[in-house]
Amino acid sequence: MSLTLRTISREQHLAYIQSLPAASHMQVPAWADVKAEWRSENLGWFDDRTGELVGVGLVLYRQLPKIKRYLAYLPEGPVINWYAPNLQDWMEPMLAHLKQQGAFSVKMGPPVIIRRWDATSIKKGIQDPDVKRLRDIEADHIEPRAFEVADKLRRMGWQQGEDGGAGFGDVQPRYVFQVPLANRSLEEVHKNFNQLWRRNIKKAEKAGVEVVQGGYHDLEEWQRLYEITAVRDHFRPRPLSYFQRMWAALNNEDPNRMRLYFARHNGVNLSAATMLVVGGHVWYSYGASDNIGREVRPSNAMQWAMLRDAYALGATVYDLRGISDSLDESDHLFGLIQFKVGTGGQAAEYLGEWDFPLNKLLHKALDIYMSRR
């Protein structure tokens with residue numbers, strides 16, 4: 001198949017995404033409005049024989065300080081046929097186009113899953129003192145075609161970070177935790193939760209915890225809980241304006257794209273979360289909780305409500321997003337995987353992010369700059 005690449009309109013881009021079973025929320029046109037500090041462009045691949053649009057990509061351009069050269073970034077994209085035998089025919093026109101746009105380096109995150117581990121295997125791994133990382137456990141599912149994609153990219157000159165993107169080495173998480181929903185009943189999903197999760201959901205119900213959805217006007221209350229979480233977990237919170245922009249941009253594109261949930265007890269909001277929807281893929285995106293009221297298990301109640309809503313929307317997967325690949329109980333990120341494993345889902349490893357230096361000197365300078373930040 002011979003392909004032509006050109007800039008397309010947002011409408012064309014969105015129509016193509018809507019024709020698919022799912023795509024990353026970072027590849028919808030509105031994501032460009034969320035990332036307002038980047039310049040953006042919508043790319044389309046066309047089949048020369050039929051003139052049909054067969055792939056899209058949202059590119060974000062970040063300018064280098066003082067010079068008119070850019071880092072071109074396709075987060076969790078582009079949205080193309082990654083298993084096509086002629087992967088080069090997709091990549092070459094993209095690199096040529098981005099170079100023409102002034103890019104000195106290209107970063108992309110192929111939405112290709114390479115391995116999956118079931119919750120039972122992870123639990124066994126956690127109990128085994130010799131197991132330190134997810135990779136030390138034999139995967140339950142392996143996608144051989146993903147290894148071929150990695151080989152092809154390497155042969156074309158694409159590069160991966162030194163650590164192969166372990167844990168949070170990439171910009172986007174390489175390891176995520178997902179609960180598969182396709183061809184399963186809600187009863188099955190609930191039965192697959194571990195005992196602690198089921199007990200906590202029951203506890204919250206008994207205590208009268210209610211889970212409600214909020215709107216744009218509730219984002220200030222979201223921010224209050226989120227900032228409490230940031231202090232407790234030692235991270236730098238995003239400002240309220242970021243979430244307001246996210247809500248306006250995403251829900252303007254599709255009124256069902258972003259949702260806000262609160263778990264409350266006796267009229268007090270104890271935890272909150274944002275949820276994103278693209279086709280059959282639903283993400284738990286950001287989470288927040290107060291330091292009080294933990295004994296009534298608001299977070300478990302909220303996740304169960306969100307999962308049920310995702311199921312009602314016809315989702316095939318409920319995605320709890322990033323985890324670290326560390327199974328070491330002394331690791332500060334261990335609690336994250338422990339909480340998510342309780343849902344009985346699967347850990348999934350993506351191919352990770354890849355770089356193509358169009359200008360080796362500037363690419364190296366950026367590497368040094370990023371490592372010093």
# chains A, B, ... in the order shown; residues from 1 in each chain; ligands from 1
call {"tool": "residues_around", "arguments": {"residues": "stretch 311-324 of chain A", "least_positions_apart": "6", "cutoff": "7 Å", "atoms": "only C-alpha atoms", "output": "count of residues only"}}
result
20
call {"tool": "select_by_dssp", "arguments": {"residues": "stretch 89-211 of chain A", "states": "strand (DSSP E or B)", "output": "list in words"}}
result
Ala103, Phe104, Ser105, Val106, Lys107, Met108, Ile113, Ile114, Arg115, Arg116, Trp117, Asp118, Arg133, His141, Ile142, Gln159, Gln160, Tyr175, Val176, Phe177, Gln178, Val179, Pro180, Glu210 and Val211 of chain A
call {"tool": "atom_distance", "arguments": {"atom1": "atom CA of A:Gln244", "atom2": "atom CA of A:Ala36"}}
result
12.4 Å
call {"tool": "residues_around", "arguments": {"residues": "A:Leu3", "least_positions_apart": "5", "cutoff": "8 Å", "atoms": "only C-alpha atoms", "output": "PyMOL selection string"}}
result
chain A and resi 45-48+89-90
call {"tool": "write_last_selection", "arguments": {"atoms": "N, CA and C atoms", "output": "mmCIF file, in the first residue's frame"}}
result
data_model
loop_
_atom_site.group_PDB
_atom_site.id
_atom_site.type_symbol
_atom_site.label_atom_id
_atom_site.label_comp_id
_atom_site.auth_asym_id
_atom_site.auth_seq_id
_atom_site.Cartn_x
_atom_site.Cartn_y
_atom_site.Cartn_z
ATOM 1 N N TRP A 45 -2.817 10.027 7.214
ATOM 2 C CA TRP A 45 -2.212 9.155 6.193
ATOM 3 C C TRP A 45 -3.321 8.722 5.241
ATOM 4 N N PHE A 46 -3.083 8.856 3.947
ATOM 5 C CA PHE A 46 -4.084 8.484 2.938
ATOM 6 C C PHE A 46 -3.564 7.347 2.059
ATOM 7 N N ASP A 47 -4.459 6.408 1.766
ATOM 8 C CA ASP A 47 -4.140 5.316 0.839
ATOM 9 C C ASP A 47 -4.192 5.886 -0.579
ATOM 10 N N ASP A 48 -3.069 5.834 -1.293
ATOM 11 C CA ASP A 48 -3.001 6.431 -2.634
ATOM 12 C C ASP A 48 -3.987 5.812 -3.619
ATOM 13 N N ASP A 89 6.738 2.614 5.368
ATOM 14 C CA ASP A 89 5.947 3.496 4.497
ATOM 15 C C ASP A 89 5.074 4.458 5.302
ATOM 16 N N TRP A 90 4.826 4.129 6.570
ATOM 17 C CA TRP A 90 4.078 5.031 7.457
ATOM 18 C C TRP A 90 5.023 6.040 8.110
#
call {"tool": "residues_around", "arguments": {"residues": "stretch 251-265 of chain A", "least_positions_apart": "5", "cutoff": "7 Å", "atoms": "only C-alpha atoms", "output": "list of chain:residue names"}}
result
A:Ala30, A:Gly208, A:Val209, A:Glu210, A:Val211, A:Val212, A:Gln213, A:Gly214, A:Gly215, A:Leu270, A:Ser271, A:Ala272, A:Ala273, A:Thr274, A:Met275, A:Leu276, A:Val277, A:Val278, A:Pro298, A:Met302
call {"tool": "residues_around", "arguments": {"residues": "stretch 104-109 of chain A", "least_positions_apart": "3", "cutoff": "7 Å", "atoms": "only C-alpha atoms", "output": "list in words"}}
result
Arg69, Tyr70, Leu71, Ala72, Tyr73, Leu74, Pro75, Glu76, Gly77, Lys99, Gly352, Glu353, Trp354, Asp355, Phe356, Pro357, Leu358, Asn359, Leu362 and His363 of chain A
call {"tool": "residues_around", "arguments": {"residues": "A:Leu58", "least_positions_apart": "6", "cutoff": "9 Å", "atoms": "only C-alpha atoms", "output": "list in words"}}
result
His13, Met26, Gln27, Val28, Pro29, Trp31, Ala32, Ser40, Glu41, Asn42, Leu43, Tyr73, Leu74, Pro75, Gly77, Pro78 and Val79 of chain A
